[in-house]
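Raw contents of query.txt, compact mmCIF, C-alpha atoms:
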# COMPACT_ATOMS: atom_id res chain seq x y z
CA MET Z 12 -5.94 7.26 18.64
CA SER Z 13 -4.96 4.38 20.82
CA SER Z 14 -5.41 5.27 24.43
CA SER Z 15 -2.35 5.87 26.52
CA PRO Z 16 -2.25 6.38 30.26
CA HIS Z 17 0.48 8.98 29.90
CA ASN Z 18 -1.64 11.57 28.20
CA SER Z 19 -3.96 14.13 29.64
CA PRO Z 20 -7.52 13.51 28.46
CA PRO Z 21 -8.65 15.25 25.28
CA PRO Z 22 -10.01 18.73 25.93
CA ASP Z 23 -13.49 17.93 24.61
CA ASP Z 24 -15.58 15.04 23.31
CA TRP Z 25 -12.97 14.15 20.68
CA ASN Z 26 -12.31 10.72 22.13
CA ASP Z 27 -10.35 7.88 20.54
CA HIS Z 28 -13.41 6.28 19.05
CA SER Z 29 -14.67 9.37 17.25
CA ILE Z 30 -11.21 9.95 15.74
CA GLU Z 31 -11.17 6.36 14.47
CA LEU Z 32 -14.62 6.82 12.96
CA ILE Z 33 -13.55 10.02 11.19
CA ILE Z 34 -10.40 8.36 9.81
CA GLY Z 35 -12.44 5.36 8.64
CA THR Z 36 -14.88 7.65 6.84
CA LEU Z 37 -12.08 9.76 5.36
CA LEU Z 38 -10.39 6.69 3.86
CA ARG Z 39 -13.65 5.26 2.53
CA VAL Z 40 -14.74 8.54 0.91
CA GLY Z 41 -11.27 9.06 -0.59
CA VAL Z 42 -11.18 5.59 -2.17
CA LEU Z 43 -14.76 5.80 -3.49
CA LEU Z 44 -14.27 9.30 -4.90
CA SER Z 45 -11.02 8.45 -6.64
CA ALA Z 46 -12.41 5.15 -8.00
CA SER Z 47 -15.40 7.06 -9.45
CA VAL Z 48 -13.16 9.58 -11.19
CA VAL Z 49 -10.94 6.76 -12.54
CA LEU Z 50 -14.06 4.95 -13.80
CA ILE Z 51 -15.44 8.08 -15.56
CA GLY Z 52 -12.07 8.74 -17.18
CA GLY Z 53 -11.82 5.07 -18.13
CA ILE Z 54 -15.18 5.09 -19.91
CA ILE Z 55 -14.23 8.21 -21.92
CA TYR Z 56 -10.83 6.66 -22.73
CA LEU Z 57 -12.32 3.36 -23.90
CA PHE Z 58 -15.00 5.10 -26.00
CA ARG Z 59 -12.38 7.12 -27.83
CA HIS Z 60 -9.47 4.69 -28.00
CA GLY Z 61 -10.94 1.24 -27.31
CA LEU Z 62 -10.19 -0.04 -30.79
CA ALA Z 63 -6.63 1.26 -30.93
CA THR Z 64 -3.78 -1.22 -30.40
CA ALA Z 65 -2.49 -1.54 -26.83
CA SER Z 66 1.28 -1.32 -26.69
CA TYR Z 67 3.17 -1.21 -23.43
CA ARG Z 68 6.19 -3.33 -24.31
CA THR Z 69 8.51 -0.36 -24.48
CA PHE Z 70 8.63 2.34 -21.84
CA GLU Z 71 7.73 5.81 -23.08
CA GLY Z 72 6.43 7.17 -19.79
CA ASP Z 73 9.26 9.67 -19.51
CA LEU Z 74 7.67 11.54 -22.43
CA SER Z 75 4.14 11.58 -21.01
CA PRO Z 76 2.58 14.97 -20.22
CA LEU Z 77 0.67 13.32 -17.36
CA ARG Z 78 3.71 13.32 -15.05
CA SER Z 79 2.90 16.62 -13.38
CA LEU Z 80 -0.08 18.46 -11.97
CA PRO Z 81 -0.06 21.17 -14.68
CA GLY Z 82 0.00 18.50 -17.39
CA ILE Z 83 -2.87 16.59 -15.79
CA THR Z 84 -4.93 19.77 -15.26
CA HIS Z 85 -4.41 20.79 -18.88
CA GLY Z 86 -5.64 17.37 -20.06
CA VAL Z 87 -8.63 17.32 -17.72
CA LEU Z 88 -9.80 20.69 -19.05
CA GLN Z 89 -9.78 19.17 -22.53
CA LEU Z 90 -11.81 16.22 -21.17
CA SER Z 91 -9.05 13.75 -22.03
CA GLY Z 92 -9.97 10.33 -20.64
CA ARG Z 93 -6.37 9.51 -19.75
CA ALA Z 94 -5.95 12.80 -17.90
CA ILE Z 95 -9.18 12.23 -15.92
CA ILE Z 96 -7.97 8.74 -14.93
CA GLN Z 97 -4.69 10.28 -13.80
CA LEU Z 98 -6.60 12.88 -11.75
CA GLY Z 99 -8.45 10.00 -10.03
CA LEU Z 100 -5.12 8.33 -9.28
CA LEU Z 101 -3.84 11.60 -7.78
CA LEU Z 102 -6.91 11.71 -5.52
CA LEU Z 103 -6.13 8.13 -4.52
CA ILE Z 104 -2.52 9.05 -3.66
CA ALA Z 105 -3.83 12.07 -1.71
CA THR Z 106 -6.13 9.90 0.45
CA PRO Z 107 -3.49 8.49 2.85
CA VAL Z 108 -1.78 11.91 2.83
CA ALA Z 109 -5.05 13.49 4.00
CA ARG Z 110 -5.19 10.85 6.72
CA VAL Z 111 -1.74 11.90 7.95
CA VAL Z 112 -2.77 15.59 7.95
CA PHE Z 113 -5.85 14.73 9.96
CA SER Z 114 -3.74 12.67 12.40
CA ALA Z 115 -1.56 15.74 13.05
CA VAL Z 116 -4.67 17.72 14.01
CA ALA Z 117 -5.97 14.88 16.18
CA PHE Z 118 -2.65 14.48 18.04
CA ALA Z 119 -2.49 18.25 18.56
CA ARG Z 120 -5.96 18.23 20.13
CA GLU Z 121 -4.84 15.42 22.41
CA ARG Z 122 -1.84 17.61 23.30
CA ASP Z 123 0.49 14.77 22.35
CA TYR Z 124 3.22 17.00 20.91
CA LEU Z 125 5.71 14.15 20.49
CA TYR Z 126 3.31 12.57 17.99
CA VAL Z 127 2.52 15.90 16.36
CA ALA Z 128 6.28 16.06 15.64
CA PHE Z 129 6.35 12.48 14.29
CA THR Z 130 3.35 13.18 12.08
CA LEU Z 131 4.90 16.38 10.72
CA ALA Z 132 8.08 14.42 9.96
CA VAL Z 133 6.06 11.92 7.89
CA LEU Z 134 4.32 14.83 6.11
CA ALA Z 135 7.68 16.41 5.28
CA ILE Z 136 8.88 13.12 3.76
CA LEU Z 137 5.67 12.83 1.72
CA ALA Z 138 6.02 16.46 0.57
CA TYR Z 139 9.57 15.76 -0.57
CA SER Z 140 8.34 12.90 -2.77
CA LEU Z 141 5.17 14.53 -4.07
CA LEU Z 142 6.47 18.06 -4.60
CA GLY Z 143 10.23 17.69 -4.97
CA ALA Z 144 10.58 14.48 -6.95
CA HIS Z 145 11.22 16.29 -10.22
CA LEU Z 146 14.39 17.68 -8.67
CA GLY Z 147 15.84 14.27 -7.81
CA MET U 23 -4.48 -6.64 -28.92
CA SER U 24 -7.04 -3.82 -28.82
CA VAL U 25 -7.10 -1.39 -25.91
CA LEU U 26 -10.60 -2.60 -24.98
CA LEU U 27 -9.64 -6.29 -24.78
CA PHE U 28 -6.38 -5.44 -23.00
CA THR U 29 -8.30 -3.39 -20.40
CA VAL U 30 -10.92 -6.11 -19.79
CA LEU U 31 -8.34 -8.91 -19.44
CA ILE U 32 -6.10 -6.92 -17.09
CA GLY U 33 -9.16 -5.84 -15.09
CA LEU U 34 -10.25 -9.47 -14.67
CA GLY U 35 -6.74 -10.63 -13.80
CA SER U 36 -6.34 -7.86 -11.23
CA PHE U 37 -9.75 -8.71 -9.78
CA VAL U 38 -8.66 -12.31 -9.19
CA ALA U 39 -5.30 -11.13 -7.80
CA GLY U 40 -7.02 -8.70 -5.43
CA PHE U 41 -9.55 -11.31 -4.35
CA LEU U 42 -6.98 -14.02 -3.61
CA GLY U 43 -4.57 -11.50 -2.11
CA SER U 44 -7.09 -10.28 0.43
CA LEU U 45 -8.46 -13.77 1.12
CA THR U 46 -5.02 -15.19 1.87
CA GLY U 47 -3.62 -12.02 3.45
CA LEU U 48 -0.69 -11.96 1.02
CA GLY U 49 -1.80 -8.83 -0.83
CA GLY U 50 -2.62 -8.47 -4.51
CA GLY U 51 0.46 -6.51 -5.57
CA VAL U 52 2.72 -9.53 -5.47
CA VAL U 53 0.68 -11.12 -8.28
CA VAL U 54 -0.26 -8.04 -10.30
CA VAL U 55 3.33 -7.18 -11.30
CA PRO U 56 4.25 -10.69 -12.61
CA LEU U 57 0.83 -10.91 -14.29
CA LEU U 58 1.44 -7.68 -16.20
CA ALA U 59 5.09 -8.35 -16.96
CA LEU U 60 5.04 -12.09 -17.76
CA VAL U 61 1.57 -12.57 -19.26
CA PHE U 62 0.83 -9.21 -20.89
CA HIS U 63 4.46 -8.28 -21.67
CA VAL U 64 4.06 -4.86 -20.06
CA ASP U 65 7.33 -3.02 -19.32
CA MET U 66 8.34 -3.53 -15.67
CA ARG U 67 8.21 0.20 -14.96
CA TYR U 68 4.57 0.48 -16.03
CA ALA U 69 3.80 -2.72 -14.08
CA ILE U 70 5.22 -1.55 -10.76
CA GLY U 71 3.64 1.90 -11.23
CA ALA U 72 0.15 0.44 -11.70
CA SER U 73 0.63 -2.02 -8.87
CA LEU U 74 1.76 0.70 -6.45
CA VAL U 75 -1.38 2.81 -6.91
CA SER U 76 -3.62 -0.27 -6.66
CA VAL U 77 -1.94 -1.05 -3.33
CA ILE U 78 -3.11 2.34 -2.00
CA ALA U 79 -6.69 1.51 -3.01
CA THR U 80 -6.78 -1.98 -1.48
CA SER U 81 -5.03 -1.04 1.77
CA SER U 82 -7.02 2.17 2.36
CA GLY U 83 -10.29 0.35 1.68
CA ALA U 84 -9.43 -2.38 4.18
CA ALA U 85 -8.00 0.08 6.74
CA ALA U 86 -11.28 2.02 6.69
CA ALA U 87 -13.01 -1.11 7.99
CA TYR U 88 -10.32 -2.20 10.48
CA VAL U 89 -9.79 1.19 12.11
CA ARG U 90 -13.40 1.16 13.36
CA GLU U 91 -12.89 -2.19 15.08
CA GLY U 92 -10.17 -0.73 17.31
CA TYR U 93 -7.39 -3.21 16.50
CA SER U 94 -4.95 -0.91 14.73
CA ASN U 95 -2.60 1.16 16.89
CA MET U 96 -2.20 4.58 15.31
CA ARG U 97 0.79 5.59 17.43
CA ILE U 98 2.75 2.50 16.40
CA GLY U 99 1.66 3.14 12.81
CA MET U 100 2.65 6.80 12.76
CA PHE U 101 6.01 6.20 14.48
CA LEU U 102 6.97 3.39 12.10
CA GLU U 103 5.71 5.31 9.06
CA ILE U 104 8.75 7.58 9.53
CA ALA U 105 10.89 4.52 8.68
CA THR U 106 8.67 3.14 5.89
CA THR U 107 8.27 6.46 4.06
CA ILE U 108 12.03 7.20 4.10
CA GLY U 109 12.59 3.62 2.89
CA ALA U 110 9.94 4.09 0.18
CA ILE U 111 11.73 7.14 -1.23
CA VAL U 112 15.08 5.31 -1.16
CA GLY U 113 13.44 2.31 -2.92
CA ALA U 114 11.81 4.48 -5.60
CA LEU U 115 15.11 6.30 -6.26
CA ILE U 116 16.90 2.94 -6.58
CA ALA U 117 14.15 1.74 -8.94
CA VAL U 118 14.75 4.59 -11.39
CA HIS U 119 18.49 3.93 -11.46
CA VAL U 120 18.76 0.14 -11.85
CA SER U 121 17.81 -2.01 -14.84
CA THR U 122 14.35 -3.58 -15.07
CA ALA U 123 16.06 -7.00 -15.15
CA THR U 124 17.55 -6.33 -11.70
CA ILE U 125 14.14 -5.30 -10.36
CA ALA U 126 12.63 -8.49 -11.82
CA ILE U 127 15.25 -10.65 -10.08
CA VAL U 128 14.76 -8.95 -6.70
CA PHE U 129 11.02 -9.26 -7.21
CA GLY U 130 11.38 -12.98 -7.84
CA PHE U 131 13.27 -13.55 -4.60
CA VAL U 132 10.71 -11.51 -2.65
CA LEU U 133 7.97 -13.71 -4.14
CA LEU U 134 9.80 -16.86 -3.02
CA TYR U 135 10.26 -15.43 0.46
CA SER U 136 6.60 -14.40 0.71
CA ALA U 137 5.55 -17.94 -0.21
CA TYR U 138 7.89 -19.31 2.45
CA LEU U 139 6.46 -16.97 5.09
CA SER U 140 2.89 -17.89 4.22
CA ILE U 141 3.29 -21.68 4.40
CA ARG U 142 5.48 -21.64 7.52
CA THR U 143 3.32 -22.41 10.51
CA GLN U 144 4.30 -20.68 13.66
CA PRO U 145 2.70 -20.93 17.06
CA PRO U 146 1.57 -17.57 18.40
CA HIS U 147 4.25 -16.19 20.70
CA PRO U 148 3.34 -15.44 24.31
CA LEU U 149 2.90 -11.76 25.07
CA ILE U 150 5.68 -10.26 27.18
CA LYS U 151 4.44 -8.54 30.29
CA GLU U 152 7.53 -6.51 31.25
CA HIS U 153 7.63 -2.96 29.93
CA ASP U 154 10.20 -1.65 27.51
CA VAL U 155 11.59 1.78 28.44
CA LEU U 156 11.57 3.12 24.88
CA ALA U 157 8.01 1.91 24.32
CA ARG U 158 6.98 3.80 27.42
CA VAL U 159 8.68 7.01 26.28
CA LEU U 160 7.02 6.69 22.87
CA HIS U 161 3.57 5.80 24.33
CA LEU U 162 3.38 2.67 22.17
CA ASP U 163 1.86 0.24 24.69
CA SER U 164 -1.89 -0.11 24.35
CA SER U 165 -4.77 -2.59 24.54
CA TYR U 166 -6.90 -4.38 21.97
CA PRO U 167 -10.24 -6.20 21.93
CA THR U 168 -10.14 -9.99 22.45
CA ALA U 169 -12.80 -12.59 23.21
CA GLN U 170 -12.04 -12.04 26.91
CA GLY U 171 -12.43 -8.26 26.67
CA MET U 172 -9.75 -5.60 26.30
CA GLU U 173 -6.25 -6.97 26.77
CA ASP U 174 -3.11 -4.88 27.38
CA TYR U 175 0.03 -5.46 25.34
CA THR U 176 3.56 -4.10 25.44
CA VAL U 177 5.91 -3.33 22.56
CA HIS U 178 9.55 -4.47 22.43
CA ARG U 179 12.75 -4.28 20.35
CA ILE U 180 11.78 -0.96 18.81
CA PRO U 181 15.11 -0.20 17.05
CA LEU U 182 15.02 -3.61 15.33
CA GLY U 183 11.40 -3.09 14.29
CA PHE U 184 12.19 0.40 13.01
CA GLY U 185 15.07 -0.96 10.92
CA LEU U 186 12.96 -3.75 9.46
CA MET U 187 10.29 -1.18 8.59
CA PHE U 188 12.87 0.85 6.68
CA GLY U 189 13.61 -2.34 4.71
CA ALA U 190 9.89 -2.95 4.12
CA GLY U 191 9.51 0.61 2.80
CA THR U 192 12.51 0.19 0.49
CA LEU U 193 11.07 -3.01 -0.99
CA SER U 194 7.71 -1.30 -1.41
CA GLY U 195 9.24 1.62 -3.30
CA LEU U 196 11.54 -0.58 -5.38
CA LEU U 197 8.95 -3.16 -6.41
CA GLY U 198 5.59 -1.34 -6.26
CA ILE U 199 4.17 -3.70 -3.66
CA GLY U 200 2.69 -3.13 -0.20
CA SER U 201 5.25 -5.46 1.44
CA GLY U 202 2.71 -6.22 4.16
CA ALA U 203 4.45 -9.54 4.88
CA VAL U 204 7.66 -7.79 5.98
CA LYS U 205 5.72 -5.21 7.98
CA VAL U 206 3.85 -7.93 9.86
CA LEU U 207 7.13 -9.78 10.41
CA ALA U 208 8.64 -6.63 11.95
CA MET U 209 5.69 -6.00 14.27
CA ASP U 210 4.60 -9.51 15.14
CA GLN U 211 7.95 -11.33 15.33
CA ALA U 212 10.42 -8.56 16.22
CA MET U 213 8.34 -6.14 18.26
CA ARG U 214 6.07 -8.79 19.80
CA ILE U 215 2.88 -6.93 19.00
CA PRO U 216 -0.25 -9.16 18.94
CA PHE U 217 -0.86 -10.65 15.49
CA LYS U 218 -4.24 -9.01 14.91
CA VAL U 219 -2.84 -5.59 15.88
CA SER U 220 0.19 -6.21 13.62
CA THR U 221 -1.84 -7.11 10.51
CA THR U 222 -4.33 -4.25 10.84
CA THR U 223 -1.68 -1.64 11.69
CA SER U 224 0.46 -2.89 8.79
CA ASN U 225 -2.52 -2.43 6.46
CA PHE U 226 -2.98 1.05 7.83
CA MET U 227 0.65 1.93 7.03
CA ILE U 228 0.75 0.53 3.49
CA GLY U 229 -1.17 3.43 1.91
CA VAL U 230 1.12 6.13 3.34
CA THR U 231 4.23 4.13 2.44
CA ALA U 232 3.01 3.72 -1.14
CA ALA U 233 2.10 7.41 -1.40
CA ALA U 234 5.72 8.27 -0.53
CA SER U 235 7.04 6.42 -3.61
CA ALA U 236 4.05 7.35 -5.80
CA GLY U 237 5.25 10.96 -6.16
CA ILE U 238 8.56 9.79 -7.62
CA TYR U 239 6.87 7.16 -9.81
CA LEU U 240 4.45 9.78 -11.16
CA ALA U 241 7.18 12.29 -11.99
CA ARG U 242 9.13 9.56 -13.81
CA GLY U 243 6.14 8.49 -15.89
CA TYR U 244 5.78 5.02 -14.30
CA ILE U 245 2.07 5.58 -13.66
CA ASP U 246 0.28 5.14 -16.99
CA PRO U 247 -3.50 5.71 -16.82
CA GLY U 248 -4.26 3.07 -19.47
CA ILE U 249 -2.76 0.28 -17.33
CA ALA U 250 -3.41 1.70 -13.88
CA MET U 251 -7.16 2.11 -14.53
CA PRO U 252 -8.06 -1.60 -14.92
CA VAL U 253 -5.52 -2.61 -12.23
CA VAL U 254 -6.86 -0.17 -9.60
CA LEU U 255 -10.52 -0.87 -10.29
CA GLY U 256 -10.07 -4.65 -10.64
CA ALA U 257 -7.79 -5.18 -7.65
CA GLY U 258 -9.87 -2.79 -5.52
CA ALA U 259 -13.15 -4.60 -6.26
CA GLY U 260 -11.49 -8.00 -5.81
CA SER U 261 -10.06 -7.15 -2.42
CA ILE U 262 -13.38 -5.79 -1.15
CA LEU U 263 -15.07 -9.04 -2.17
CA GLY U 264 -12.24 -11.05 -0.63
CA ALA U 265 -12.62 -9.25 2.70
CA ARG U 266 -16.36 -10.03 2.70
CA VAL U 267 -15.83 -13.72 1.95
CA LEU U 268 -12.94 -14.01 4.41
CA VAL U 269 -15.21 -14.32 7.43
CA ASN U 270 -16.50 -17.75 6.44
CA ALA U 271 -13.81 -19.08 4.13
CA ARG U 272 -11.47 -21.96 4.89
CA THR U 273 -8.27 -20.37 3.67
CA LYS U 274 -5.69 -23.04 4.47
CA SER U 275 -5.83 -25.00 1.21
CA LEU U 276 -6.32 -21.79 -0.74
CA ARG U 277 -3.16 -20.39 0.84
CA ALA U 278 -1.24 -23.49 -0.26
CA VAL U 279 -2.43 -23.12 -3.86
CA PHE U 280 -1.75 -19.39 -3.90
CA SER U 281 1.73 -19.97 -2.44
CA ALA U 282 2.46 -22.50 -5.19
CA VAL U 283 1.42 -19.93 -7.81
CA ILE U 284 3.69 -17.35 -6.17
CA VAL U 285 6.65 -19.76 -6.23
CA ILE U 286 6.14 -20.40 -9.95
CA LEU U 287 5.85 -16.67 -10.68
CA GLY U 288 8.97 -16.02 -8.57
CA ILE U 289 11.04 -18.54 -10.52
CA GLU U 290 9.74 -17.11 -13.82
CA MET U 291 10.65 -13.57 -12.76
CA ILE U 292 14.18 -14.61 -11.74
CA PHE U 293 14.68 -16.62 -14.96
CA ASN U 294 13.38 -13.83 -17.20
CA GLY U 295 15.46 -11.30 -15.30
CA PHE U 296 18.69 -13.25 -15.74
CA THR U 297 18.03 -13.92 -19.42
CA GLY U 298 17.29 -10.22 -19.94
CA ARG U 299 13.72 -10.66 -21.14
CA LEU U 300 12.17 -8.26 -18.63
Any chance you could give the structure as structure tokens?
Amino acid sequence: MSSSPHNSPPPDDWNDHSIELIIGTLLRVGVLLSASVVLIGGIIYLFRHGLATASYRTFEGDLSPLRSLPGITHGVLQLSGRAIIQLGLLLLIATPVARVVFSAVAFARERDYLYVAFTLAVLAILAYSLLGAHLG
Amino acid sequence: MSVLLFTVLIGLGSFVAGFLGSLTGLGGGVVVVPLLALVFHVDMRYAIGASLVSVIATSSGAAAAYVREGYSNMRIGMFLEIATTIGAIVGALIAVHVSTATIAIVFGFVLLYSAYLSIRTQPPHPLIKEHDVLARVLHLDSSYPTAQGMEDYTVHRIPLGFGLMFGAGTLSGLLGIGSGAVKVLAMDQAMRIPFKVSTTTSNFMIGVTAAASAGIYLARGYIDPGIAMPVVLGAGAGSILGARVLVNARTKSLRAVFSAVIVILGIEMIFNGFTGRL
């Protein structure tokens, strides 16, 4: 966290620098993990469907089973390449969300409750999109 | 075209887009969508879906590096993310209710504006020393590393910056781009935050902003794995390479060329949107 003269010091050795290091590592691991899953799914997909004809001129995404977590899970269990790619993309989307969750914990340990509130507000907005979008 | 050839070509195109986007600081998303829509005739909805997830990869990868250097200000980022994520949801909801031709036209104008911003030379503004009351209440003032050691800075015009960030989020959700240019404009020009802090904090915010629209895109079927896979992997690898090269590269002439490409793509998008081809 950026240092601010208005805050009491963190209760232990969780200083600004260590929080930045943890966030840096979290983002790097999230991107590498999701890219690996996308790559594995991509290889399976290309092996099975590489010679098919690519057609994306017309939009048929509203019929895809890969629009929800149950649909993706079902496909992954059947080792569908497309479903595994989609799982990797979900992990990618989850990476910045995990960063926000971690920020809430870090602000709480700094006893900066104003920023705990801001962070929870951002999480609520993200939850609305990720969990409630099918309602809208 | 076979799926294999399609994947390889889009992967290569996205790699170049990610490389040039990170080298010039304009971001890869602004080129990926026109590339998919104009060159590969991919439906706009699939194009913005793939671009949006690739934006999360490139910005999170870069943010991981920047956050360790101590430039980005996480309080400014978190506070403004309230505005960008609400904007992102509004943008994504607009995107599912307007025609793809409308999105293409708006996209074209954003491309033209991005090119204008990138070629405009502006002297760095002097830092303001007086404190802003709201910035003090929100604990936004901080310091950042410079050649002369740590330097303090103050944050100003917070309501204006917050409003611009809502706009940046809306554009991001509507068009599937990071809209880093608007975020930097809000922080650097409106809020008078030092340029280096603005660019790195903007990068930090892009991933969360994109995640806010990604949920809606996913539920609407905009994110197709067959297109998103080569775009994410290509643009991600390209932007990592671009960030490595950036240290030594002379980017001025490259920026001019890239801006010219963006202008051409912008005009094409507007033309195709008005004639109903996208």
Exercise for the section: Please determine the contact residues of chain U with respect to chain Z at a cut-off of 8 Å, counting only C-alpha atoms, and supply them as a ChimeraX atom specification. Expected result: /U:23-26,28,63-65,67-68,75,78-79,82-83,85-87,89-90,92,95-97,100-101,103-104,107-108,111,160-165,229-230,233-238,240-248,251,254-255
Exercise for the section: Figure out the distance between atom CA of U:Thr106 and atom CA of U:Met187, please, to one decimal in Å. Expected result: 5.3 Å
Handout entry: Near-U:Ile70 list (7 Å; only C-alpha atoms; drop same-chain fewer than 2 positions) as a PyMOL selection string
Key = chain U and resi 55+66-68+72-74+197-198
Problem - Contacts of U:Leu57 within 9 Å, only C-alpha atoms, excl. fewer than 6 positions in-chain, as a PyMOL selection string - result: chain U and resi 32+35-36+39+63-64+69+287
Practice task
Choose the residue, out of U:Leu102, U:Asn225, U:Glu152, U:Ile249, that has the smallest atom-to-atom separation from U:Ile180; count all atoms listed in the file.
Solution key: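 Smallest distance to U:Ile180 is found for U:Leu102.
Of the residues listed (U:Ser194, U:Leu263, U:Ala212, U:Val112), U:Ala212 shows the shortest atom-to-atom separation from U:Pro181; distances use all atoms listed in the file.
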Handout entry: Point-to-point distance in Å for atom CA of U:Phe280 and atom CA of U:Gly256
Key = 18.2 Å
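Atom to atom, atom CA of U:Ala203 and atom CA of U:Ser220 stand 10.3 Å apart.
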Exercise for the section: Pick out the residues sitting within 6 Å of stretch 129-133 of chain U, and hand them over as a PyMOL selection string; count all atoms listed in the file, and ignore anything fewer than 2 positions along from it in its own chain. Expected result: chain U and resi 125-127+135-136+284+288+291-292
Exercise for the section: Could you give me, as a list in words, the residues that have an atom at most 12 Å away from the point (4.3, -3.3, 32.6) in the coordinates of the file, using only C-alpha atoms? Expected result: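 Output: Pro16 of chain Z; Leu149, Ile150, Lys151, Glu152, His153, Asp154, Val155, Ala157, Arg158, Asp163, Ser164, Asp174, Tyr175, Thr176, Val177 and His178 of chain U.
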May I have the centre and edge lengths, in Å to one decimal, of an axis-aligned box around the listed atoms of stretch 113-123 of chain Z with 4 Å added to every side, as lines of an AutoDock Vina configuration file?
center_x = -2.7
center_y = 15.5
center_z = 16.6
size_x = 14.5
size_y = 13.6
size_z = 21.3
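Residue nearest U:Gly113, chosen from U:Leu139, U:Leu182, U:Leu196, U:Ala190 and counting all atoms listed in the file: U:Leu196.
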